[in-house]
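*Asks:* Input structure: target.txt, which contains compact mmCIF, C-alpha atoms and all ligand atoms.
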# COMPACT_ATOMS: atom_id res chain seq x y z
CA MET A 1 147.86 3.45 -27.38
CA MET A 2 147.55 3.36 -23.58
CA GLY A 3 149.25 0.43 -21.89
CA GLN A 4 147.19 -1.77 -19.60
CA LEU A 5 149.29 -0.78 -16.57
CA GLU A 6 149.80 2.91 -17.27
CA ASN A 7 150.43 4.88 -14.03
CA LYS A 8 150.81 1.70 -11.97
CA VAL A 9 153.75 0.69 -9.82
CA ALA A 10 154.46 -3.05 -9.59
CA VAL A 11 156.75 -5.03 -7.29
CA ILE A 12 157.85 -8.42 -8.68
CA THR A 13 159.82 -10.84 -6.50
CA GLY A 14 162.16 -13.34 -8.14
CA GLY A 15 162.19 -11.02 -11.17
CA GLY A 16 165.71 -11.99 -12.19
CA THR A 17 164.81 -15.11 -14.16
CA GLY A 18 161.96 -17.26 -15.46
CA ILE A 19 158.34 -16.22 -15.01
CA GLY A 20 159.24 -13.18 -12.90
CA ARG A 21 161.61 -11.74 -15.50
CA GLU A 22 159.14 -12.26 -18.37
CA THR A 23 156.36 -10.63 -16.37
CA ALA A 24 158.57 -7.67 -15.41
CA LEU A 25 159.35 -7.02 -19.11
CA LEU A 26 155.67 -7.30 -20.11
CA PHE A 27 154.54 -5.01 -17.27
CA ALA A 28 157.06 -2.39 -18.40
CA LYS A 29 155.83 -2.64 -22.02
CA GLU A 30 152.32 -2.05 -20.68
CA GLY A 31 153.37 1.18 -19.00
CA ALA A 32 154.12 0.12 -15.41
CA LYS A 33 156.98 1.29 -13.25
CA VAL A 34 158.56 -1.97 -12.10
CA VAL A 35 160.47 -2.83 -8.94
CA VAL A 36 162.42 -5.99 -9.72
CA THR A 37 163.61 -7.89 -6.66
CA ASP A 38 165.63 -11.09 -6.43
CA ILE A 39 168.03 -12.81 -4.05
CA ASN A 40 170.29 -12.99 -7.12
CA GLU A 41 171.23 -9.30 -7.36
CA GLN A 42 172.96 -9.61 -10.72
CA ALA A 43 169.90 -11.22 -12.31
CA ALA A 44 167.62 -8.51 -10.87
CA ALA A 45 169.96 -5.83 -12.19
CA THR A 46 169.92 -7.35 -15.70
CA THR A 47 166.12 -7.37 -15.81
CA GLY A 48 166.10 -3.78 -14.54
CA GLU A 49 168.59 -2.68 -17.20
CA ASP A 50 166.64 -4.47 -19.95
CA ILE A 51 163.51 -2.59 -18.88
CA GLY A 52 165.48 0.67 -18.97
CA GLU A 53 166.45 -0.07 -22.59
CA LEU A 54 162.87 -0.96 -23.53
CA SER A 55 161.62 2.35 -22.22
CA GLY A 56 164.35 4.46 -23.79
CA GLY A 57 166.35 4.91 -20.60
CA GLN A 58 163.57 6.58 -18.60
CA ASP A 59 163.42 5.84 -14.91
CA THR A 60 160.91 3.02 -15.13
CA ALA A 61 162.65 0.25 -13.20
CA LEU A 62 164.32 -0.20 -9.85
CA HIS A 63 166.16 -3.36 -8.84
CA ILE A 64 166.72 -4.47 -5.25
CA LYS A 65 168.55 -7.42 -3.71
CA HIS A 66 165.85 -9.12 -1.67
CA ASP A 67 165.48 -12.32 0.27
CA VAL A 68 161.70 -12.75 0.53
CA SER A 69 162.06 -14.81 3.72
CA LYS A 70 163.55 -11.83 5.61
CA GLU A 71 161.20 -9.28 7.12
CA GLU A 72 163.82 -6.50 7.19
CA ASP A 73 164.33 -6.95 3.43
CA TRP A 74 160.60 -6.40 2.87
CA VAL A 75 160.75 -3.17 4.89
CA THR A 76 163.55 -1.98 2.57
CA VAL A 77 161.66 -3.00 -0.59
CA VAL A 78 158.51 -1.12 0.49
CA ASP A 79 160.46 1.98 1.59
CA GLU A 80 162.54 2.17 -1.60
CA SER A 81 159.55 1.52 -3.86
CA VAL A 82 157.49 4.27 -2.24
CA ARG A 83 160.43 6.68 -2.11
CA THR A 84 161.16 6.15 -5.82
CA PHE A 85 157.69 5.78 -7.34
CA GLY A 86 155.33 7.12 -4.63
CA LYS A 87 153.06 4.06 -4.18
CA ILE A 88 152.59 0.33 -4.94
CA ASP A 89 149.60 -0.85 -6.99
CA VAL A 90 150.62 -4.40 -7.90
CA LEU A 91 152.54 -7.11 -6.04
CA PHE A 92 153.53 -10.33 -7.81
CA ASN A 93 154.71 -12.74 -5.10
CA ASN A 94 156.57 -14.90 -7.61
CA ALA A 95 159.86 -15.95 -5.93
CA GLY A 96 159.90 -19.63 -5.05
CA ILE A 97 162.08 -22.72 -4.91
CA TYR A 98 161.38 -26.32 -5.86
CA ILE A 99 162.36 -29.50 -4.04
CA ILE A 100 161.10 -32.90 -5.22
CA LYS A 101 161.79 -35.74 -2.78
CA PRO A 102 160.01 -38.77 -1.39
CA LEU A 103 158.40 -38.22 2.03
CA VAL A 104 161.02 -39.96 4.15
CA GLU A 105 163.95 -38.36 2.30
CA THR A 106 162.59 -34.86 2.89
CA THR A 107 164.64 -33.40 5.74
CA LEU A 108 163.44 -30.91 8.32
CA GLU A 109 166.07 -28.55 6.91
CA ASP A 110 164.51 -28.88 3.41
CA TRP A 111 161.10 -28.27 4.97
CA ASN A 112 162.10 -25.12 6.87
CA ARG A 113 164.06 -23.63 3.96
CA LEU A 114 161.38 -24.12 1.33
CA MET A 115 158.57 -22.99 3.63
CA SER A 116 160.52 -19.86 4.60
CA ILE A 117 160.64 -18.79 0.94
CA ASN A 118 157.45 -20.17 -0.64
CA VAL A 119 155.08 -19.51 2.29
CA THR A 120 156.70 -17.03 4.70
CA GLY A 121 157.86 -14.94 1.73
CA VAL A 122 154.28 -14.60 0.44
CA PHE A 123 152.94 -13.87 3.95
CA LEU A 124 155.53 -11.13 4.57
CA GLY A 125 154.97 -9.63 1.13
CA MET A 126 151.23 -9.31 1.68
CA LYS A 127 151.71 -8.07 5.25
CA HIS A 128 154.07 -5.25 4.26
CA VAL A 129 152.74 -4.20 0.86
CA ILE A 130 148.95 -4.42 1.24
CA PRO A 131 148.66 -1.61 3.84
CA VAL A 132 150.50 0.68 1.38
CA MET A 133 148.11 -0.34 -1.41
CA ALA A 134 145.12 0.28 0.86
CA GLN A 135 146.39 3.79 1.69
CA HIS A 136 146.40 4.64 -2.02
CA GLY A 137 142.92 3.35 -2.88
CA GLY A 138 143.61 -0.35 -3.49
CA GLY A 139 145.67 -2.70 -5.59
CA SER A 140 146.17 -6.20 -6.95
CA VAL A 141 148.24 -9.02 -5.47
CA ILE A 142 149.08 -12.12 -7.50
CA ASN A 143 150.52 -15.07 -5.57
CA ALA A 144 152.41 -17.87 -7.34
CA SER A 145 150.93 -21.22 -6.40
CA SER A 146 151.01 -24.27 -8.71
CA VAL A 147 148.88 -27.18 -9.90
CA ALA A 148 150.82 -28.93 -7.11
CA GLY A 149 148.81 -26.74 -4.70
CA LEU A 150 145.57 -28.25 -6.03
CA ARG A 151 146.19 -31.98 -6.14
CA GLY A 152 148.66 -34.68 -5.09
CA VAL A 153 151.84 -35.24 -7.08
CA GLN A 154 154.48 -37.94 -6.43
CA GLY A 155 157.44 -36.52 -4.48
CA HIS A 156 155.70 -33.22 -3.78
CA VAL A 157 154.83 -33.42 -0.07
CA LEU A 158 156.88 -30.31 0.72
CA TYR A 159 156.41 -28.22 -2.42
CA GLY A 160 152.70 -29.14 -2.58
CA ALA A 161 152.19 -28.16 1.06
CA SER A 162 153.75 -24.77 0.37
CA LYS A 163 151.63 -24.12 -2.71
CA GLY A 164 148.48 -25.32 -0.94
CA ALA A 165 149.22 -22.79 1.81
CA VAL A 166 149.60 -20.03 -0.79
CA ARG A 167 146.23 -20.97 -2.30
CA ILE A 168 144.30 -20.57 0.97
CA MET A 169 146.27 -17.56 2.29
CA THR A 170 145.23 -15.85 -0.93
CA LYS A 171 141.55 -16.39 -0.19
CA ASP A 172 141.87 -15.34 3.48
CA VAL A 173 143.56 -12.05 2.66
CA ALA A 174 141.24 -11.41 -0.31
CA VAL A 175 138.27 -11.57 2.06
CA GLU A 176 140.01 -9.41 4.70
CA TYR A 177 140.98 -6.62 2.29
CA ALA A 178 138.09 -6.59 -0.22
CA LYS A 179 136.53 -3.51 1.40
CA GLN A 180 139.80 -1.64 0.86
CA ASN A 181 139.74 -2.56 -2.82
CA VAL A 182 142.81 -4.77 -2.63
CA ARG A 183 142.30 -7.85 -4.81
CA VAL A 184 144.30 -11.02 -4.14
CA ASN A 185 144.40 -13.98 -6.53
CA SER A 186 146.60 -17.05 -7.00
CA ILE A 187 147.97 -18.56 -10.20
CA HIS A 188 148.46 -22.29 -10.66
CA PRO A 189 150.82 -23.16 -13.50
CA GLY A 190 151.63 -26.66 -14.67
CA TYR A 191 155.22 -27.10 -15.82
CA ILE A 192 156.50 -23.92 -17.46
CA ASN A 193 159.72 -23.98 -19.47
CA THR A 194 162.21 -22.63 -16.89
CA GLY A 195 164.89 -24.16 -14.70
CA MET A 196 162.10 -25.53 -12.54
CA ALA A 197 160.63 -27.69 -15.30
CA GLU A 198 164.19 -28.94 -15.98
CA LEU A 199 164.35 -30.16 -12.38
CA GLY A 200 160.98 -31.86 -12.84
CA ALA A 201 162.11 -33.56 -16.05
CA GLN A 202 165.33 -34.75 -14.40
CA ALA A 203 163.39 -36.21 -11.45
CA ALA A 204 161.12 -38.05 -13.89
CA ARG A 205 164.18 -39.16 -15.93
CA THR A 206 162.87 -37.50 -19.08
CA THR A 207 163.18 -34.23 -21.00
CA THR A 208 161.01 -31.12 -20.84
CA GLU A 209 159.99 -31.78 -24.46
CA GLU A 210 158.77 -35.28 -23.61
CA LEU A 211 156.97 -33.93 -20.53
CA GLY A 212 155.22 -31.39 -22.73
CA LYS A 213 153.99 -34.03 -25.18
CA LYS A 214 151.97 -35.58 -22.36
CA TYR A 215 149.98 -32.37 -21.79
CA PRO A 216 146.64 -32.07 -23.65
CA LEU A 217 147.93 -29.02 -25.56
CA GLY A 218 151.05 -31.03 -26.47
CA ARG A 219 153.67 -28.69 -25.02
CA LEU A 220 154.84 -27.19 -21.74
CA GLY A 221 153.84 -23.65 -20.91
CA GLU A 222 156.17 -20.78 -21.78
CA THR A 223 156.93 -17.86 -19.47
CA LYS A 224 155.07 -15.60 -21.95
CA ASP A 225 151.87 -17.62 -21.40
CA VAL A 226 152.02 -17.02 -17.65
CA ALA A 227 153.02 -13.34 -17.96
CA GLN A 228 149.79 -12.66 -19.92
CA LEU A 229 147.69 -14.16 -17.11
CA VAL A 230 149.53 -12.14 -14.47
CA LEU A 231 149.06 -8.99 -16.59
CA PHE A 232 145.32 -9.60 -16.72
CA LEU A 233 145.12 -10.09 -12.95
CA ALA A 234 147.30 -7.02 -12.31
CA SER A 235 145.25 -4.76 -14.60
CA ASP A 236 141.84 -3.19 -14.07
CA ASN A 237 140.46 -5.66 -16.65
CA SER A 238 140.09 -8.13 -13.75
CA SER A 239 138.50 -5.59 -11.40
CA TYR A 240 135.70 -7.94 -10.20
CA MET A 241 137.95 -10.94 -9.52
CA THR A 242 139.38 -11.62 -6.08
CA GLY A 243 140.18 -14.63 -3.91
CA GLN A 244 140.28 -16.89 -6.96
CA GLU A 245 142.65 -19.53 -8.30
CA PHE A 246 143.68 -19.38 -11.96
CA VAL A 247 144.98 -22.60 -13.50
CA ILE A 248 147.34 -22.35 -16.49
CA ASP A 249 148.47 -25.86 -17.38
CA GLY A 250 147.75 -26.74 -21.02
CA GLY A 251 144.71 -28.71 -19.90
CA ALA A 252 146.64 -31.09 -17.62
CA THR A 253 144.35 -30.93 -14.57
CA ALA A 254 141.21 -31.14 -16.73
CA ARG A 255 141.99 -34.72 -17.63
CA ALA A 256 140.95 -37.61 -15.38
N1 LIG B 1 158.31 -23.26 -13.82
C1 LIG B 1 157.33 -24.05 -13.43
O1 LIG B 1 157.14 -25.16 -13.96
C2 LIG B 1 156.38 -23.60 -12.33
C3 LIG B 1 155.16 -24.29 -12.18
C4 LIG B 1 154.28 -23.92 -11.16
C5 LIG B 1 154.61 -22.86 -10.33
N2 LIG B 1 155.81 -22.20 -10.49
C6 LIG B 1 156.12 -21.13 -9.54
O2 LIG B 1 156.38 -19.93 -10.25
C7 LIG B 1 157.33 -19.14 -9.54
C8 LIG B 1 158.50 -18.78 -10.48
O3 LIG B 1 159.07 -19.97 -10.98
P1 LIG B 1 160.16 -19.98 -12.15
O4 LIG B 1 159.92 -21.23 -12.91
O5 LIG B 1 160.18 -18.70 -12.87
O6 LIG B 1 161.48 -20.20 -11.27
P2 LIG B 1 162.98 -19.71 -11.52
O7 LIG B 1 163.78 -20.63 -10.65
O8 LIG B 1 163.29 -19.57 -12.96
O9 LIG B 1 162.98 -18.25 -10.87
C9 LIG B 1 162.78 -18.05 -9.50
C10 LIG B 1 163.50 -16.78 -9.08
O10 LIG B 1 163.31 -16.60 -7.65
C11 LIG B 1 164.52 -16.20 -7.09
N3 LIG B 1 164.56 -16.55 -5.66
C12 LIG B 1 164.81 -17.77 -5.11
N4 LIG B 1 164.81 -17.66 -3.78
C13 LIG B 1 164.56 -16.38 -3.47
C14 LIG B 1 164.44 -15.65 -2.26
N5 LIG B 1 164.61 -16.25 -1.06
N6 LIG B 1 164.16 -14.33 -2.31
C15 LIG B 1 164.02 -13.71 -3.51
N7 LIG B 1 164.14 -14.33 -4.69
C16 LIG B 1 164.41 -15.66 -4.67
C17 LIG B 1 165.60 -16.91 -7.90
O11 LIG B 1 166.86 -16.28 -7.76
C18 LIG B 1 165.03 -16.84 -9.31
O12 LIG B 1 165.45 -15.68 -10.00
C19 LIG B 1 157.76 -19.98 -8.33
O13 LIG B 1 157.02 -19.58 -7.20
C20 LIG B 1 157.37 -21.38 -8.74
O14 LIG B 1 157.17 -22.22 -7.61
C21 LIG B 1 156.69 -22.55 -11.48
Written as structure tokens, that's how I'd like the structure from this file.
*Replies:*
Amino acid sequence: MMGQLENKVAVITGGGTGIGRETALLFAKEGAKVVVTDINEQAAATTGEDIGELSGGQDTALHIKHDVSKEEDWVTVVDESVRTFGKIDVLFNNAGIYIIKPLVETTLEDWNRLMSINVTGVFLGMKHVIPVMAQHGGGSVINASSVAGLRGVQGHVLYGASKGAVRIMTKDVAVEYAKQNVRVNSIHPGYINTGMAELGAQAARTTTEELGKKYPLGRLGETKDVAQLVLFLASDNSSYMTGQEFVIDGGATARA
């Protein structure tokens, strides 16, 4: 059976752990060639090797040490991806960090660091990859936002600002590149069972399990849940969707 991403080349940032790693493995199962990038080189390499095993050792994955906040790193990622696989069809701007602090405890250093990764990283990714997609007939970009980019959350002035920026940048670029057949969408997860949800549980002085019980579906999301949404947005099954925001939160934001 044909995979949903057969003949596609995908770049996934922050692919060493969590949602990025799960998505990289699913993309490979669905036939994509995957470029796994992460600031944690060892983690990126492990995901790359696991993909190699999945696909019987064929050359289906490339891993690159990459700091998404650095423009020169993006130039390297685009050059190496095109040199190895010939094109880029899918970009998952997934890398991100999480800081929860009250307004007055949030330092300017916190602000600049988080913004440089969560916002500048997404901007640079779109700026450097989309022209390559456009040259090859189009593509699909998926930007990681959050439910914290849709509404106010205690202690989230910085993280929420970054994810709100990702939400609207997505729409701006979707409009700008629609004629070149490049689609750009954002995803908005509630807490997903990774290190990030652990941080959230700690800040709320509870456990991830207890946090999950408060969600309408009675559990936190799993990385597999999110990977399926990203797969849909990456594939041609979503060919008429662009500039949109996709919430995946177990029903949390539906409740008053
Ligand atoms: N887990 C959640 O509850 C949740 C909810 C909403 C949104 N998100 C978003 O989903 C994305 C992935 O989250 P996750 O839970 O998988 O996180 P994670 O911490 O498990 O993984 C993030 C990965 O990004 C990498 N990374 C960090 N800084 C980087 C940089 N400067 N350059 C390149 N890579 C870098 C890390 O090394 C790590 O491998 C993030 O953008 C996050 O904000 C997560």
*Asks:* Which residues, written as a ChimeraX atom specification, have at least one atom at most 10 Å from Leu124 (chain A), with all atoms listed in the file counted and residues fewer than 5 positions away on the same chain left out?
*Replies:* /A:68-75,93,117,119,129-130
*Asks:* Hey, which bits of chain A sit within 8 Å of ligand LIG 1 (chain B), and for each residue what's the closest pair of atoms and how far apart in Å (one decimal), counting all atoms listed in the file, rows by chain and increasing number, as a tab-separated table?
*Replies:*
residue	atom	partner	partner_atom	distance
A:Thr13	CA	B:LIG1	N7	5.8
A:Gly14	CA	B:LIG1	O10	3.5
A:Gly15	CA	B:LIG1	O12	5.8
A:Gly16	CA	B:LIG1	O12	4.3
A:Thr17	CA	B:LIG1	O12	4.2
A:Gly18	CA	B:LIG1	O5	3.5
A:Ile19	CA	B:LIG1	O5	3.8
A:Gly20	CA	B:LIG1	O5	5.6
A:Arg21	CA	B:LIG1	O5	7.6
A:Thr37	CA	B:LIG1	C15	6.6
A:Asp38	CA	B:LIG1	N7	4.0
A:Ile39	CA	B:LIG1	C15	4.1
A:Asn40	CA	B:LIG1	O11	4.8
A:Ala43	CA	B:LIG1	O12	6.7
A:Ala44	CA	B:LIG1	O12	7.5
A:Lys65	CA	B:LIG1	C15	7.8
A:His66	CA	B:LIG1	C15	5.3
A:Asp67	CA	B:LIG1	N6	3.5
A:Val68	CA	B:LIG1	N6	4.1
A:Ser69	CA	B:LIG1	N5	5.6
A:Asn93	CA	B:LIG1	O13	7.5
A:Asn94	CA	B:LIG1	O13	4.7
A:Ala95	CA	B:LIG1	O10	3.9
A:Gly96	CA	B:LIG1	O13	3.6
A:Ile97	CA	B:LIG1	O14	5.6
A:Tyr98	CA	B:LIG1	O14	6.1
A:Ser116	CA	B:LIG1	N5	7.9
A:Ile117	CA	B:LIG1	N5	5.1
A:Asn118	CA	B:LIG1	O13	6.6
A:Gly121	CA	B:LIG1	N5	7.4
A:Ala144	CA	B:LIG1	O13	4.9
A:Ser145	CA	B:LIG1	C5	5.6
A:Ser146	CA	B:LIG1	C4	4.1
A:Val147	CA	B:LIG1	C4	6.4
A:Ala148	CA	B:LIG1	C4	7.3
A:Tyr159	CA	B:LIG1	O14	8.0
A:Lys163	CA	B:LIG1	O14	7.6
A:Ile187	CA	B:LIG1	C5	7.9
A:His188	CA	B:LIG1	C4	6.1
A:Pro189	CA	B:LIG1	C4	4.2
A:Gly190	CA	B:LIG1	C3	4.9
A:Tyr191	CA	B:LIG1	O1	3.3
A:Ile192	CA	B:LIG1	O1	3.8
A:Asn193	CA	B:LIG1	N1	5.9
A:Thr194	CA	B:LIG1	O4	4.8
A:Gly195	CA	B:LIG1	O8	5.2
A:Met196	CA	B:LIG1	N1	4.6
A:Ala197	CA	B:LIG1	O1	4.5
A:Gly200	CA	B:LIG1	O1	7.8
A:Gly221	CA	B:LIG1	O1	7.8
A:Thr223	CA	B:LIG1	O5	7.4
*Asks:* Have a look at CA of Val82 (chain A) and CA of Ala10 (chain A) and let me know their distance in Å, one decimal.
*Replies:*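 About the pair CA of Val82 (chain A) and CA of Ala10 (chain A): they are 10.8 Å apart.
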*Asks:* As an exercise, work out the distance from CA of Met133 (chain A) to CA of Ile88 (chain A) in Å and give it to one decimal place.
*Replies:*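 Interatomic distance, CA of Met133 (chain A) to CA of Ile88 (chain A): 5.7 Å.
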*Asks:* What does the distance from CA of Ala24 (chain A) to CA of Thr208 (chain A) come to in Å, to one decimal?
*Replies:*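 Between CA of Ala24 (chain A) and CA of Thr208 (chain A) the gap is 24.2 Å.
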*Asks:* Please determine, counting only C-alpha atoms, which residue among A:Ser235, A:Gln42, A:Thr107, A:Thr120 has the shortest atom-to-atom distance to Ile142 (chain A).
*Replies:*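 Closest to Ile142 (chain A) of all the choices is A:Ser235.
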*Asks:* Compare A:Lys87, A:Lys171, A:Lys213, A:Lys29 by their minimum atom-to-atom distance to Lys8 (chain A), counting only C-alpha atoms, and give me the closest one.
*Replies:*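 Checking each candidate against Lys8 (chain A), we get A:Lys87 as the closest.
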*Asks:* Calculated over only C-alpha atoms, which of the candidates A:Leu217, A:Tyr177, A:Glu41, A:Val78 has the smallest distance to Arg255 (chain A)?
*Replies:*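 Closest to Arg255 (chain A) of all the choices is A:Leu217.
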*Asks:* Kindly reconstruct region 155-179 of chain A with N, CA and C atoms and present the result as a CSV table (one decimal), keeping the file's coordinate frame.
*Replies:*
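Now in rebuild08.csv:
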chain,number,residue,atom,x,y,z
A,155,GLY,N,156.2,-37.2,-4.9
A,155,GLY,CA,157.4,-36.5,-4.5
A,155,GLY,C,157.2,-35.1,-4.1
A,156,HIS,N,156.0,-34.6,-4.0
A,156,HIS,CA,155.7,-33.2,-3.8
A,156,HIS,C,155.1,-32.9,-2.4
A,157,VAL,N,155.4,-33.7,-1.4
A,157,VAL,CA,154.8,-33.4,-0.1
A,157,VAL,C,155.2,-32.0,0.4
A,158,LEU,N,156.4,-31.6,0.2
A,158,LEU,CA,156.9,-30.3,0.7
A,158,LEU,C,156.4,-29.2,-0.2
A,159,TYR,N,156.8,-29.3,-1.5
A,159,TYR,CA,156.4,-28.2,-2.4
A,159,TYR,C,154.9,-28.1,-2.5
A,160,GLY,N,154.2,-29.2,-2.5
A,160,GLY,CA,152.7,-29.1,-2.6
A,160,GLY,C,152.1,-28.5,-1.3
A,161,ALA,N,152.7,-28.8,-0.2
A,161,ALA,CA,152.2,-28.2,1.1
A,161,ALA,C,152.4,-26.6,1.0
A,162,SER,N,153.5,-26.2,0.4
A,162,SER,CA,153.8,-24.8,0.4
A,162,SER,C,152.8,-24.1,-0.6
A,163,LYS,N,152.5,-24.7,-1.7
A,163,LYS,CA,151.6,-24.1,-2.7
A,163,LYS,C,150.2,-24.2,-2.3
A,164,GLY,N,149.8,-25.2,-1.5
A,164,GLY,CA,148.5,-25.3,-0.9
A,164,GLY,C,148.3,-24.2,0.1
A,165,ALA,N,149.3,-23.9,0.8
A,165,ALA,CA,149.2,-22.8,1.8
A,165,ALA,C,149.0,-21.5,1.1
A,166,VAL,N,149.7,-21.3,0.0
A,166,VAL,CA,149.6,-20.0,-0.8
A,166,VAL,C,148.2,-19.9,-1.3
A,167,ARG,N,147.6,-21.0,-1.8
A,167,ARG,CA,146.2,-21.0,-2.3
A,167,ARG,C,145.2,-20.4,-1.2
A,168,ILE,N,145.3,-21.0,0.0
A,168,ILE,CA,144.3,-20.6,1.0
A,168,ILE,C,144.6,-19.2,1.6
A,169,MET,N,145.9,-18.9,1.8
A,169,MET,CA,146.3,-17.6,2.3
A,169,MET,C,145.7,-16.5,1.4
A,170,THR,N,145.7,-16.8,0.1
A,170,THR,CA,145.2,-15.8,-0.9
A,170,THR,C,143.8,-15.5,-0.7
A,171,LYS,N,143.0,-16.6,-0.4
A,171,LYS,CA,141.6,-16.4,-0.2
A,171,LYS,C,141.3,-15.7,1.1
A,172,ASP,N,142.0,-16.0,2.2
A,172,ASP,CA,141.9,-15.3,3.5
A,172,ASP,C,142.1,-13.8,3.4
A,173,VAL,N,143.2,-13.5,2.7
A,173,VAL,CA,143.6,-12.0,2.7
A,173,VAL,C,142.6,-11.3,1.7
A,174,ALA,N,142.2,-12.0,0.6
A,174,ALA,CA,141.2,-11.4,-0.3
A,174,ALA,C,140.0,-11.0,0.4
A,175,VAL,N,139.5,-11.9,1.3
A,175,VAL,CA,138.3,-11.6,2.1
A,175,VAL,C,138.5,-10.4,3.0
A,176,GLU,N,139.7,-10.4,3.7
A,176,GLU,CA,140.0,-9.4,4.7
A,176,GLU,C,140.1,-8.0,4.1
A,177,TYR,N,140.7,-7.9,2.9
A,177,TYR,CA,141.0,-6.6,2.3
A,177,TYR,C,140.1,-6.2,1.1
A,178,ALA,N,139.0,-7.0,0.9
A,178,ALA,CA,138.1,-6.6,-0.2
A,178,ALA,C,137.5,-5.2,-0.1
A,179,LYS,N,137.1,-4.8,1.2
A,179,LYS,CA,136.5,-3.5,1.4
A,179,LYS,C,137.5,-2.4,1.1
